[in-house]
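J.: Input structure: target.txt, which contains compact mmCIF, C-alpha atoms.
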```txt
# COMPACT_ATOMS: atom_id res chain seq x y z
CA MET A 169 30.84 -121.84 4.59
CA THR A 170 34.07 -120.01 5.42
CA VAL A 171 33.71 -117.18 7.92
CA SER A 172 35.92 -114.16 7.26
CA SER A 173 37.41 -112.74 10.44
CA ILE A 174 39.55 -109.78 11.49
CA PHE A 175 41.29 -108.93 14.76
CA LEU A 176 40.87 -105.35 15.96
CA CYS A 177 43.38 -104.44 18.67
CA ASP A 178 43.64 -101.53 21.08
CA PHE A 179 47.18 -100.20 21.53
CA ASP A 180 47.77 -98.44 24.86
CA GLY A 181 48.01 -101.00 27.66
CA THR A 182 47.10 -103.78 25.24
CA ILE A 183 49.96 -103.91 22.75
CA SER A 184 52.12 -101.38 24.60
CA LEU A 185 52.86 -102.09 28.24
CA LYS A 186 52.33 -98.44 29.21
CA ASP A 187 49.86 -95.79 28.08
CA VAL A 188 51.74 -93.70 25.51
CA THR A 189 49.81 -90.45 25.90
CA ASP A 190 50.02 -90.56 29.69
CA THR A 191 53.78 -91.17 29.46
CA LEU A 192 54.32 -88.21 27.13
CA ILE A 193 52.21 -85.93 29.31
CA GLU A 194 54.16 -87.00 32.41
CA HIS A 195 57.42 -86.08 30.68
CA PHE A 196 56.47 -83.04 28.62
CA GLY A 197 53.04 -81.78 29.71
CA GLN A 198 52.77 -78.20 30.93
CA ALA A 199 50.41 -76.67 33.49
CA GLY A 200 46.76 -77.44 32.76
CA CYS A 201 47.08 -81.11 31.78
CA ASP A 202 45.93 -82.40 35.16
CA GLU A 203 42.86 -80.15 35.12
CA LEU A 204 41.84 -81.50 31.72
CA GLU A 205 42.32 -85.07 32.94
CA ALA A 206 40.16 -84.38 36.00
CA ALA A 207 37.41 -82.86 33.84
CA TRP A 208 37.46 -85.95 31.60
CA GLU A 209 37.37 -88.35 34.54
CA ALA A 210 34.42 -86.40 35.98
CA GLY A 211 32.54 -86.74 32.69
CA MET A 212 32.56 -82.99 32.05
CA ILE A 213 34.37 -83.35 28.71
CA GLY A 214 34.96 -86.17 26.23
CA SER A 215 38.30 -87.74 25.45
CA LEU A 216 38.58 -85.73 22.20
CA GLU A 217 38.48 -82.41 24.03
CA CYS A 218 40.74 -83.70 26.79
CA MET A 219 43.43 -85.03 24.47
CA LYS A 220 43.26 -82.04 22.13
CA GLY A 221 43.96 -79.75 25.07
CA GLN A 222 46.67 -81.94 26.59
CA ILE A 223 48.59 -82.40 23.34
CA ALA A 224 48.52 -78.63 22.82
CA LEU A 225 50.26 -78.38 26.21
CA LEU A 226 53.15 -80.70 25.29
CA LYS A 227 56.55 -79.03 25.01
CA ALA A 228 59.15 -81.24 23.29
CA ASP A 229 60.99 -81.45 20.01
CA THR A 230 60.81 -84.63 17.92
CA ALA A 231 64.14 -85.93 19.21
CA ALA A 232 63.01 -85.67 22.84
CA LEU A 233 59.61 -87.17 22.03
CA ASN A 234 61.18 -90.10 20.17
CA ALA A 235 63.62 -90.70 23.03
CA CYS A 236 60.66 -91.01 25.38
CA LEU A 237 58.87 -93.36 22.98
CA ASP A 238 62.01 -95.52 22.91
CA THR A 239 61.36 -96.36 26.58
CA ILE A 240 57.90 -97.85 25.92
CA ALA A 241 57.92 -101.63 25.54
CA ILE A 242 55.32 -103.77 23.81
CA ASP A 243 53.92 -107.19 24.66
CA PRO A 244 56.81 -109.49 23.69
CA THR A 245 54.35 -112.03 22.28
CA PHE A 246 52.63 -109.59 19.90
CA VAL A 247 55.02 -110.28 17.02
CA GLY A 248 54.38 -114.02 17.33
CA PHE A 249 50.64 -113.36 17.36
CA LEU A 250 50.95 -111.35 14.12
CA GLN A 251 52.92 -114.18 12.52
CA ALA A 252 50.30 -116.74 13.54
CA MET A 253 47.48 -114.59 12.18
CA ALA A 254 49.35 -114.08 8.90
CA THR A 255 49.68 -117.86 8.58
CA ALA A 256 45.95 -118.23 9.29
CA GLU A 257 45.22 -115.44 6.78
CA VAL A 258 43.39 -113.42 9.43
CA PRO A 259 44.09 -109.67 9.13
CA VAL A 260 44.95 -107.56 12.17
CA ALA A 261 44.31 -103.83 12.55
CA ILE A 262 45.00 -101.40 15.40
CA VAL A 263 42.27 -99.03 16.55
CA SER A 264 43.24 -96.46 19.16
CA ASP A 265 42.06 -93.21 20.68
CA GLY A 266 45.77 -92.45 21.00
CA LEU A 267 48.45 -91.04 18.72
CA ASP A 268 49.20 -92.44 15.27
CA TYR A 269 52.76 -91.07 15.13
CA ALA A 270 53.67 -92.67 18.46
CA ILE A 271 52.08 -96.01 17.60
CA ASP A 272 53.82 -96.17 14.23
CA TYR A 273 57.16 -95.17 15.75
CA ILE A 274 56.98 -97.83 18.48
CA LEU A 275 55.88 -100.58 16.09
CA GLN A 276 58.60 -99.75 13.55
CA ARG A 277 61.17 -99.99 16.33
CA HIS A 278 60.04 -103.61 16.71
CA GLY A 279 60.09 -104.30 12.98
CA ILE A 280 56.29 -104.11 12.58
CA THR A 281 55.42 -102.16 9.46
CA ASN A 282 52.39 -103.80 7.88
CA VAL A 283 49.58 -103.39 10.45
CA PRO A 284 46.96 -100.72 9.65
CA ILE A 285 46.69 -98.02 12.32
CA ILE A 286 43.39 -96.20 12.92
CA ALA A 287 44.17 -93.45 15.44
CA ASN A 288 44.23 -89.71 16.05
CA HIS A 289 46.77 -87.78 13.96
CA LEU A 290 49.67 -86.18 15.86
CA VAL A 291 51.29 -83.20 14.11
CA TYR A 292 54.53 -81.40 15.01
CA ASP A 293 54.25 -77.63 14.55
CA GLY A 294 57.91 -76.85 15.25
CA ASP A 295 59.36 -74.95 18.21
CA GLU A 296 58.48 -77.85 20.58
CA ALA A 297 54.74 -77.49 19.85
CA TRP A 298 52.25 -80.17 18.77
CA HIS A 299 48.59 -80.45 17.88
CA LEU A 300 46.17 -83.32 17.42
CA GLU A 301 43.80 -83.89 14.52
CA PHE A 302 40.84 -86.30 14.52
CA PRO A 303 40.27 -87.87 11.10
CA TYR A 304 38.05 -90.61 12.57
CA ALA A 305 35.89 -88.49 14.89
CA THR A 306 32.10 -88.73 14.63
CA THR A 307 29.31 -86.53 15.89
CA PHE A 308 27.44 -89.51 17.38
CA CYS A 309 30.10 -91.14 19.59
CA LYS A 310 28.53 -91.68 23.00
CA LYS A 311 31.88 -91.13 24.73
CA GLN A 312 32.82 -88.09 22.62
CA SER A 313 36.02 -89.88 21.67
CA GLY A 314 38.49 -88.69 19.07
CA ASN A 315 38.18 -92.09 17.42
CA CYS A 316 34.86 -93.91 17.81
CA LYS A 317 35.81 -97.58 18.02
CA CYS A 318 32.20 -98.70 17.62
CA HIS A 319 32.03 -96.87 14.30
CA GLN A 320 35.26 -98.52 13.15
CA ALA A 321 33.79 -101.93 14.01
CA ASP A 322 30.64 -101.10 12.01
CA ILE A 323 32.81 -100.27 8.99
CA LEU A 324 34.65 -103.58 9.27
CA TYR A 325 31.37 -105.51 9.33
CA GLN A 326 30.78 -104.28 5.79
CA THR A 327 33.71 -106.51 4.76
CA TYR A 328 34.09 -109.20 7.44
CA ASP A 329 31.65 -111.65 9.01
CA GLN A 330 33.38 -111.68 12.39
CA VAL A 331 35.26 -109.04 14.37
CA LEU A 332 37.41 -110.23 17.27
CA TYR A 333 38.62 -107.53 19.66
CA VAL A 334 41.61 -107.26 22.00
CA GLY A 335 41.57 -104.51 24.64
CA ASP A 336 42.25 -103.62 28.23
CA GLY A 337 40.52 -100.47 29.45
CA THR A 338 37.82 -97.82 29.49
CA SER A 339 38.10 -96.86 25.83
CA ASP A 340 37.29 -100.50 24.97
CA PHE A 341 34.05 -100.75 26.96
CA CYS A 342 31.58 -99.54 24.30
CA VAL A 343 33.04 -101.47 21.38
CA SER A 344 32.94 -104.69 23.43
CA HIS A 345 29.14 -104.62 23.07
CA VAL A 346 29.12 -104.48 19.27
CA ILE A 347 31.67 -107.12 18.19
CA ASP A 348 31.61 -110.93 18.24
CA PHE A 349 34.19 -111.75 20.89
CA VAL A 350 36.60 -109.96 23.23
CA TYR A 351 40.06 -110.96 24.41
CA ALA A 352 40.26 -108.88 27.54
CA LYS A 353 43.13 -107.63 29.69
CA GLY A 354 43.07 -105.44 32.79
CA LYS A 355 39.85 -103.70 33.79
CA LEU A 356 38.13 -104.87 30.61
CA ILE A 357 37.97 -108.37 32.12
CA HIS A 358 35.81 -107.14 35.00
CA TYR A 359 33.67 -105.05 32.64
CA CYS A 360 32.94 -108.03 30.38
CA ASP A 361 32.17 -110.22 33.41
CA LYS A 362 29.79 -107.60 34.81
CA HIS A 363 27.89 -107.14 31.54
CA GLY A 364 27.87 -110.77 30.43
CA LEU A 365 29.86 -110.11 27.27
CA PRO A 366 31.47 -113.09 25.49
CA HIS A 367 35.16 -112.88 26.30
CA HIS A 368 38.34 -114.69 27.26
CA ALA A 369 40.71 -113.23 29.85
CA ILE A 370 44.35 -112.89 28.77
CA THR A 371 47.57 -111.48 30.14
CA GLU A 372 49.44 -111.43 26.82
CA PHE A 373 48.77 -112.03 23.12
CA ALA A 374 50.14 -115.56 23.30
CA ASP A 375 47.12 -116.48 25.43
CA ILE A 376 44.85 -115.85 22.44
CA LEU A 377 46.35 -118.48 20.13
CA PRO A 378 45.19 -121.70 21.88
CA HIS A 379 41.70 -120.27 22.31
CA VAL A 380 41.04 -118.68 18.94
CA ALA A 381 41.34 -121.69 16.60
CA PRO A 382 37.69 -122.85 16.99
CA LEU A 383 36.42 -119.30 16.42
CA LEU A 384 38.24 -119.05 13.12
CA LYS A 385 36.77 -122.25 11.65
```
What's the structure tokens form of this structure?
T.:
Amino acid sequence: MTVSSIFLCDFDGTISLKDVTDTLIEHFGQAGCDELEAAWEAGMIGSLECMKGQIALLKADTAALNACLDTIAIDPTFVGFLQAMATAEVPVAIVSDGLDYAIDYILQRHGITNVPIIANHLVYDGDEAWHLEFPYATTFCKKQSGNCKCHQADILYQTYDQVLYVGDGTSDFCVSHVIDFVYAKGKLIHYCDKHGLPHHAITEFADILPHVAPLLK
């Protein structure tokens, strides 16, 4: 029996080499951003409330924002990974609690135009003002995220037999418990080790290819 599989990939720190939202806030965030970050880190608010407030405090026009996004590099082996998955007929989707506009802009700069992006919706209001919308938010997300990655995995299991996940950080902890296998970078490696989750440690997307072949059979 053929097993249908899909790769679900985090973006910030996984595909991109820097966190996009943090970079934009460093460049364009006004007073109050640090207080929101501290409240989120202390568990007083969820990431939805934190990011909604921080994005409302950005002051930049689209040209300045795009110029900042131009400085953010991606894993140089990600394009090769996409090509290998296309050959294997394994779809790849991006799930992020970050910003859809920024993700799409960065990917297009690298010639990547055909990967679905499930992320929060960044809107320019004019006069250097922005706001964030949350089309994938749920009322039951344990982390009060703008985009519940566990819910997105549940949706994919309605179509696919196997979900393989690639991530690196805190926003990837919960979803790592509900999918078949994790390719982990950064602090997600330690988390998977600690909780006994099936995973393979990587430093770049190229590290996935030698390991994944048996899982796809």
J.: Considering all atoms listed in the file, state which residue in the set A:Asn282, A:Gln222, A:Gln326, A:Thr306 is at the smallest distance from A:Pro259.
T.: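 Residue with the minimum atom-to-atom distance to A:Pro259: A:Asn282.
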J.: So what do you get for atom CA of A:Thr230 versus atom CA of A:Glu209, distance-wise?
T.: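 One can read the atom CA of A:Thr230 to atom CA of A:Glu209 distance as 29.0 Å.
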J.: Could you tell me how far atom CA of A:Phe249 lies from atom CA of A:Asp322, in Å and to one decimal?
T.: 24.1 Å
J.: Just the number, please: distance in Å from atom CA of A:Gln320 to atom CA of A:Ala352, one decimal.
T.: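 Computing the Euclidean distance for atom CA of A:Gln320 and atom CA of A:Ala352 yields 18.4 Å.
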J.: For A:Ile285, work out the shell of residues within 9 Å, counting only C-alpha atoms and skipping chain neighbours fewer than 2 positions away, then give it as a PDB file with C-alpha atoms, in the frame of the given file.
T.:
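Result file follows (around_20.pdb):
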```pdb
ATOM      1  CA  ALA A 261      44.310-103.830  12.550  1.00  0.00           C
ATOM      2  CA  ILE A 262      45.000-101.400  15.400  1.00  0.00           C
ATOM      3  CA  VAL A 263      42.270 -99.030  16.550  1.00  0.00           C
ATOM      4  CA  SER A 264      43.240 -96.460  19.160  1.00  0.00           C
ATOM      5  CA  ASP A 268      49.200 -92.440  15.270  1.00  0.00           C
ATOM      6  CA  ILE A 271      52.080 -96.010  17.600  1.00  0.00           C
ATOM      7  CA  ASP A 272      53.820 -96.170  14.230  1.00  0.00           C
ATOM      8  CA  VAL A 283      49.580-103.390  10.450  1.00  0.00           C
ATOM      9  CA  ALA A 287      44.170 -93.450  15.440  1.00  0.00           C
TER      10      ALA A 287
END
```
J.: I'd like to know which of A:Asp265, A:Asp348, A:Glu257, A:Glu217 is closest to A:Asp187, using all atoms listed in the file.
T.: A:Asp265
J.: Around (40.4, -101.4, 32.1), as given in the file, which residues come within 7 Å? Count only C-alpha atoms and list them as a PyMOL selection string.
T.: chain A and resi 336-338+354-356
J.: Which one is closest to A:His299: A:Ala254, A:Val350, A:Leu377, A:Leu226? Count all atoms listed in the file.
T.: A:Leu226
J.: Find, counting all atoms listed in the file, the residue in A:Phe373, A:Phe175, A:Phe349, A:Tyr328 that gets nearest to A:Phe246.
T.: A:Phe373
J.: Pick out the residues sitting within 10 Å of A:Trp298, and hand them over as an mmCIF file with C-alpha atoms, in the frame of the given file; count all atoms listed in the file, and ignore anything fewer than 2 positions along from it in its own chain.
T.:
```cif
data_model
loop_
_atom_site.group_PDB
_atom_site.id
_atom_site.type_symbol
_atom_site.label_atom_id
_atom_site.label_comp_id
_atom_site.auth_asym_id
_atom_site.auth_seq_id
_atom_site.Cartn_x
_atom_site.Cartn_y
_atom_site.Cartn_z
ATOM 1 C CA LYS A 220 43.260 -82.040 22.130
ATOM 2 C CA GLN A 222 46.670 -81.940 26.590
ATOM 3 C CA ILE A 223 48.590 -82.400 23.340
ATOM 4 C CA ALA A 224 48.520 -78.630 22.820
ATOM 5 C CA LEU A 225 50.260 -78.380 26.210
ATOM 6 C CA LEU A 226 53.150 -80.700 25.290
ATOM 7 C CA LYS A 227 56.550 -79.030 25.010
ATOM 8 C CA ALA A 228 59.150 -81.240 23.290
ATOM 9 C CA ASP A 229 60.990 -81.450 20.010
ATOM 10 C CA THR A 230 60.810 -84.630 17.920
ATOM 11 C CA LEU A 290 49.670 -86.180 15.860
ATOM 12 C CA VAL A 291 51.290 -83.200 14.110
ATOM 13 C CA TYR A 292 54.530 -81.400 15.010
ATOM 14 C CA ASP A 293 54.250 -77.630 14.550
ATOM 15 C CA GLY A 294 57.910 -76.850 15.250
ATOM 16 C CA ASP A 295 59.360 -74.950 18.210
ATOM 17 C CA GLU A 296 58.480 -77.850 20.580
ATOM 18 C CA LEU A 300 46.170 -83.320 17.420
#
```
J.: Point out the residue among A:Leu267, A:Cys318, A:Pro366, A:His358 with the least atom-to-atom distance to A:Val343, counting all atoms listed in the file.
T.: A:Cys318
J.: Looking at A:Gln312, A:Thr182, A:Thr191, A:Thr245, which one is nearest to A:Met212, with distances taken over only C-alpha atoms?
T.: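 Among the listed residues, the smallest separation from A:Met212 belongs to A:Gln312.
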J.: Please write as a list in words the list of polymer residues whose atoms come within 8 Å of (37.1, -107.7, 27.1), counting only C-alpha atoms and keeping to the coordinates of the file.
T.: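 Protein, DNA and RNA residues close to (37.1, -107.7, 27.1): Tyr333, Val334, Gly335, Asp336, Asp340, Phe341, Ser344, Phe349, Val350, Tyr351, Ala352, Lys353, Leu356, Ile357, Tyr359, Cys360, Leu365, Pro366, His367, His368 and Ala369 of chain A.
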